[in-house]
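Q: Let me give you the structure first, and then I'll get to my questions.
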Amino acid sequence: MKIIIACVLTALLAFVLGLFLPWWSIAIAAFGVAALIPQKALKAFLSGFLGLFILWGGLAWWIDMNNQGILSKRIAELMQIPESHLY
Amino acid sequence: MRLLPFAIASVATIGLVLALNRPIGKLPSPGIFFSPQQGFWQNAEDESATQSLSLNFPDLKDKVDVYFDDRLVPHVFAQNEYDAFFVQGFLHAKYRLWQMEFQTHAAGGRLTELLGKGDNGIILQVDRQMRRLGMVYGAKKAVIEMEKDPATKNTCDAYTAGVNAYIDELTTANLPLEYKLLGYQPEKWNNLKTALFLKYMSLDLSGSENDFEFSNARAVFDAVAFDKLYPITQDSLDPIVPKGTIFDTPAVKVNIPAMADSLYNASTTSVAIARTKPDRDNGSNNWAVSGMKTKSGRPILCNDPHLSLNMPSLWYEMQIHTPQFNAYGATFPGAPCIIIGFNDSCAFGFTNAMRDVRDYYTVEFKDDSRKEYKFNGEWKPTNLTIDTFVVKGGEVIYDTVAYTEIGPVMYDASFTGLGAQRSDGKNYAVRWKAHDPSNELKLFYQLDHAKNYADYYDALQYLTCPGQNCLFATKSGDIAIWQQAIFPAKWKRQGDFIMPGSDSTYFWQGYIPRNENPHVVNPERGFVSSANQLPVDTTYPYYIGGHHDLYRGRLINRYLSSLNGITPEDMEQLQNQNYNLFAETAVPVLLKNIDESGLNNDEKNYLGLVKQWNLRNDPQEKGPTIFNCWFDSLEVAVWNDELAKIKGPLDYPDQYTLIEALLKDSAFSFIDNITTTEKETLQQVVTTAFKKAVPSMAKLEKEGKINWTDYKNSGVQHLLRLSPFSRFNLTTGGGTHVINAIKKYHGPSWRMVVQLTDETEAYGIYPGGQSGNPGSKYYDSFVDSWASGKYYPLWVMKKEETGDKRVMTKMIFSK
């Protein structure tokens with residue numbers, strides 16, 4: 001149960017921080033929740049990881065759906081180009 | 001007990017964050033790039049979003065309403081011009097900021113800041129080339145001139161403020177995608193950037209000179225042979241000003257330098273400069289038909305400028321409505337005003353004049369310090385300027401350039417062009433019309449306001465470079481075309497070769513008075529047209545020079561002469577016409593001279609495709625592919641043996657030069673292969689050229705590339721050449737020499753047809769989309785329709801039409 005709460009809290013906190021701070025604020029969120037809700041090391045790590053995974057995955061999924069995949073398709077192709085062929 | 005894992009986890013996390021926060025080689029920082037709240041995901045636009053926006057800017061004087069239609073074309077309703085151009089700047093930035101900055105960085109020689117030095121320092125060389133050509137030097141003079149004029153200053157200041165209002169609003173999350181990819185931030189816009197953008201267009205459109213190439217050819221060919229390779233006119237020319245027109249006695253007399261014949265025209269040294277030049281087909285079609293030839297009884301004006309096709313497009317479509325004017329058309333993200341379009345009284349468009357307004361001079365320095373150079377028998381001081389290049393990563397590089405009376409010394413011991421391995425020990429200064437103070441923006445500003453022919457004629461004076469064929473038509477029935485720029489008055493072949501910079505008699509002696517520029521106003525034949533051909537025949541009293549097209553212009557005039565009761569639809573069809581007049585001229589010569597007796601079955605089959613060909617470059621035709629392969633092979637056979645003698649850069653003779661030579665002389669001296677003892681005949685050369693080309697035809701067929709569209713393989717490339725952001729494999733016809741001038745990555749960049757009825761009836765399209773964001777459905781939304789030759793009706797929205805169903809969303813700007 002604790003792990004689910006920690007997950008959700010991490011995701012929420014990371015989202016809110018992300019509105020004002022650079023991307024690395026997600027680490028602060030995970031850190032904050034881990035300090036707030038005492039768990040075993042592995043579980044704490046797992047809940048932070050899962051929380052952020054849910055946040056990023058969920059957001060990306062939502063954005064991609066509204067965009068009908070226009071950009072994700074192009075970025076996927078872009079990532080297949082060898083670096084030496086860029087610019 | 002918990003401290004250790006905690007410390008390990010913290011250190012690991014911080015390490016991970018730091019690692020992900022840094023760019024990896026050319027790739028952006030993964031943390032930033034992939035963050036859905038800040039990275040590329042934020043550029044993935046919501047497909048269905050249509051909410052209105054309300055924006056406040058203290059710079060505005062009044063309220064501005066902007067209505068976007070279903071193609072994302074903004075219709076701007078402002079109460080004054082300052083507000084209108086402010087909003088234009090804001091919208092350009094909102095939809096095209098990255099390209100605006102990228103193009104002006106390119107123009108200003110600052111690409112190293114974004115991309116580094118490049119492989120073998122190529123990007124640094126490109127930047128140095130721009131600075132040494134005097135792009136910034138010219139743009140700085142232009143800004144002074146632009147800001148002297150109150151109306152232009154107001155326009156530019158408003159535009160700059162609008163762009164910056166958008167930049168100020170930007171957050172990490174809504175930065176355009178390319179900034180995220182390359183990892184940099186936009187800087188503030190200013191009027192110099194607008195001037196640099198306009199210089200960039202000057203550069204693209206005034207490259208019709210071959211000074212180095214011609215000098216190298218002249219070094220190995222005598223005057224007679226040289227004239228055969230690079231004639232100054234064409235037999236089948238149909239000029240912009242119809243043949244037979246009587247020209248006034250010239251007001252400016254030019255004196256040929258005393259020693260020109262022996263010293264200049266007979267130079268025998270080659271130059272080893274390596275350079276890049278704009279596409280030689282940077283050109284366009286434009287024509288206007290008068291009411292007596294149209295169904296409506298009113299003029300129709302048409303224009304399609306042929307340029308490199310890029311994404312995001314050079315063009316952005318919009319309508320600007322103020323109490324002073326109401327104009328619609330294509331705009332340049334990077335500059336204010338409507339550039340090609342129409343207003344409530346008239347329409348205007350441009351093609352390139354292809355005149356030579358850039359000349360190179362040898363410069364002799366007293367010593368390596370480059371502090372003094374020889375001029376009219378004396379040593380004169382140069383002005384040494386230090387250019388600074390900041391390379392991505394922080395390195396700073398300095399380049400010292402000597403400025404002379406002529407202009408900057410572009411090539412010297414330290415700079416020999418792009419990729420040239422060694423210097424030829426000489427120094428070359430460049431004299432370019434775009435170095436002179438000018439205010440080209442005022443041309444467009446005044447055209448946007450123009451009500452009649454007199455306004456148009458007055459506006460033209462501001463166009464000094466690049467030379468353009470300025471087309472105009474009014475609702476009151478006038479049609480006109482003026483070839484306009486401040487053209488140097490030259491003696492025959494002046495500036496075709498590199499000139500001695502130590503002798504001022506070789507300098508430009510004066511300029512052709514504006515009223516003597518080639519023009520046609522309300523002609524009896526009922527139409528005016530241009531397609532980059534020579535503007536006049538040789539009875540014109542000044543030397544034209546430059547490089548000119550031939551067939552498009554002739555064919556346009558042929559069609560326009562025969563057409564009557566013309567509708568806008570007829571004009572759309574003409575812009576998309578795939579008939580190949582060059583082939584009409586060349587195919588009979590080829591077929592007459594091919595010896596079929598020795599052909600095998602394969603060869604006969606391919607020959608049959610040319611015989612059956614309807615001379616149209618339609619997408620699914622095989623004829624144009626076979627014909628092109630054959631003619632290319634013939635050119636190689638005829639020219640390459642002689643051209644091999646040329647050292648350094650050379651200019652390949654035009655296709656019309658070869659075919660016109662063969663038409664009048666089947667024993668044309670270049671036919672003979674000088675590397676063999678035998679004297680080849682035209683029949684031999686044509687037949688061998690065909691046989692030699694057949695294997696490549698067979699290969700194309702095997703690869704499924706024999707149909708014209710597959711052979712040509714047209715596309716629109718992203719400015720960074722990133723293929724996922726480009727569009728390839730478009731099904732298109734047309735090509736070089738064809739009215740529908742679509743080549744691989746080059747062609748009609750904006751097609752426009754305007755019928756000047758009381759209610760303007762206009763159509764247009766460009767290969768791109770209104771949004772420059774690859775994450776928007778409007779990024780490439782016009783491309784397929786453009787490729788298939790379709791047009792959109794251009795909606796000149798009226799103030800009272802705010803409830804029209806075409807209005808998709810709106811933006812309200814207020815103080």
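Labels for the structure tokens follow display order: chains A, B, ..., residues from 1 in each chain, ligands from 1.
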Taking only C-alpha atoms into account, which residues of chain B are within 10 Å of chain A, as a VMD selection string?
A: chain B and resid 2 5 to 6 9 to 10 13 to 14 16 to 18 20 to 21 24 to 27 31 to 49 115 118 to 119 172 to 173 182 719 to 726 773 to 777 779
Q: Name the residues of stretch 76-191 of chain B that fall into alpha helix (DSSP H) according to DSSP on the backbone, using the chain letters and numbers of this document, as number ranges by chain.
A: B: 81-107, 112-115, 122-133, 135-148, 150-169, 177-182, 191
Q: Please compute the atom CA of B:Thr294-atom CA of B:Asn557 distance, one decimal, in Å.
A: 15.4 Å
Q: One decimal, Å: what's the distance from atom CA of B:Asp399 over to atom CA of B:Leu133, could you say?
A: 12.9 Å
Q: Would you work out the distance separating atom CA of B:Glu596 from atom CA of B:Thr681, expressed in Å to one decimal?
A: 15.2 Å
Q: Ranking B:Arg131, B:Arg298, B:Lys442, B:Arg554 by minimum distance to B:Ala459 and counting only C-alpha atoms, which one comes first?
A: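 The answer is B:Lys442, which sits nearest to B:Ala459.
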Q: Need to verify the contact set: stretch 573-575 of chain B, 10 Å, only C-alpha atoms, exclusion of same-chain residues closer than 2 positions in sequence. Can you return it as a ChimeraX atom specification?
A: /B:285-286,302-304,555-556,559-560,568-571,577-579,738-741,748,751-753,789-790
Q: Excluding same-chain residues fewer than 3 positions from A:Thr10, what lies within 6 Å of it counting only C-alpha atoms, as a list of chain:residue names?
A: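 In the requested form, the answer reads A:Ala6, A:Cys7, A:Leu13, A:Ala14, A:Ala29, A:Ala30, A:Val33, A:Gly51.
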Q: Per residue of stretch 270-365 of chain B within 12 Å of stretch 135-157 of chain B, which atom pair is closest and at what distance in Å (one decimal), using only C-alpha atoms, listed by chain and increasing number, as CSV?
A:
```
residue,atom,partner,partner_atom,distance
B:Gly334,CA,B:Cys156,CA,10.4
B:Ala335,CA,B:Cys156,CA,7.9
B:Pro336,CA,B:Cys156,CA,6.8
B:Cys337,CA,B:Thr155,CA,8.3
```
Q: Dump C-alpha atoms for the selected residues as a PDB file, in the first residue's frame?
A:
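What ended up in result_17.pdb:
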```pdb
ATOM      1  CA  GLY B 334      12.367  37.603 -41.217  1.00  0.00           C
ATOM      2  CA  ALA B 335      10.976  40.777 -42.772  1.00  0.00           C
ATOM      3  CA  PRO B 336       7.804  42.854 -42.548  1.00  0.00           C
ATOM      4  CA  CYS B 337       5.279  43.534 -45.371  1.00  0.00           C
TER       5      CYS B 337
END
```
Q: Would you mind telling me which residue in A:Val16, A:Leu36, A:Met1, A:Ala11 lies nearest to A:Gly48 when using only C-alpha atoms?
A: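 Among the listed residues, A:Ala11 lies closest to A:Gly48.
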Q: Counting only C-alpha atoms, which residues in stretch 197-257 of chain B sit no more than 7 Å from stretch 496-508 of chain B? For each one, give the nearest pair of atoms and the distance in Å, sorted by chain then residue number, as JSON lines.
A:
```
{"residue": "B:Asn210", "atom": "CA", "partner": "B:Asp496", "partner_atom": "CA", "distance": 6.4}
{"residue": "B:Asp211", "atom": "CA", "partner": "B:Phe497", "partner_atom": "CA", "distance": 4.4}
{"residue": "B:Phe212", "atom": "CA", "partner": "B:Ile498", "partner_atom": "CA", "distance": 6.5}
{"residue": "B:Phe214", "atom": "CA", "partner": "B:Phe497", "partner_atom": "CA", "distance": 5.8}
{"residue": "B:Ser215", "atom": "CA", "partner": "B:Phe497", "partner_atom": "CA", "distance": 4.9}
{"residue": "B:Pro257", "atom": "CA", "partner": "B:Thr505", "partner_atom": "CA", "distance": 5.7}
```
Q: Write a file of the just-selected residues containing N, CA and C atoms, as a JSON list (two decimals), in the first residue's frame.
A:
```
[["chain", "number", "residue", "atom", "x", "y", "z"],
["B", 210, "ASN", "N", 29.84, 34.83, -63.70],
["B", 210, "ASN", "CA", 30.76, 33.70, -63.88],
["B", 210, "ASN", "C", 32.18, 34.20, -64.04],
["B", 211, "ASP", "N", 32.53, 35.23, -63.29],
["B", 211, "ASP", "CA", 33.82, 35.89, -63.52],
["B", 211, "ASP", "C", 35.00, 34.93, -63.47],
["B", 212, "PHE", "N", 35.03, 34.07, -62.46],
["B", 212, "PHE", "CA", 36.16, 33.14, -62.34],
["B", 212, "PHE", "C", 36.09, 32.07, -63.42],
["B", 214, "PHE", "N", 34.52, 32.15, -66.34],
["B", 214, "PHE", "CA", 34.76, 32.67, -67.67],
["B", 214, "PHE", "C", 36.24, 33.03, -67.87],
["B", 215, "SER", "N", 36.86, 33.55, -66.83],
["B", 215, "SER", "CA", 38.29, 33.87, -66.93],
["B", 215, "SER", "C", 39.09, 32.60, -67.22],
["B", 257, "PRO", "N", 38.06, 50.63, -71.55],
["B", 257, "PRO", "CA", 39.45, 50.97, -71.20],
["B", 257, "PRO", "C", 40.38, 50.74, -72.39]]
```
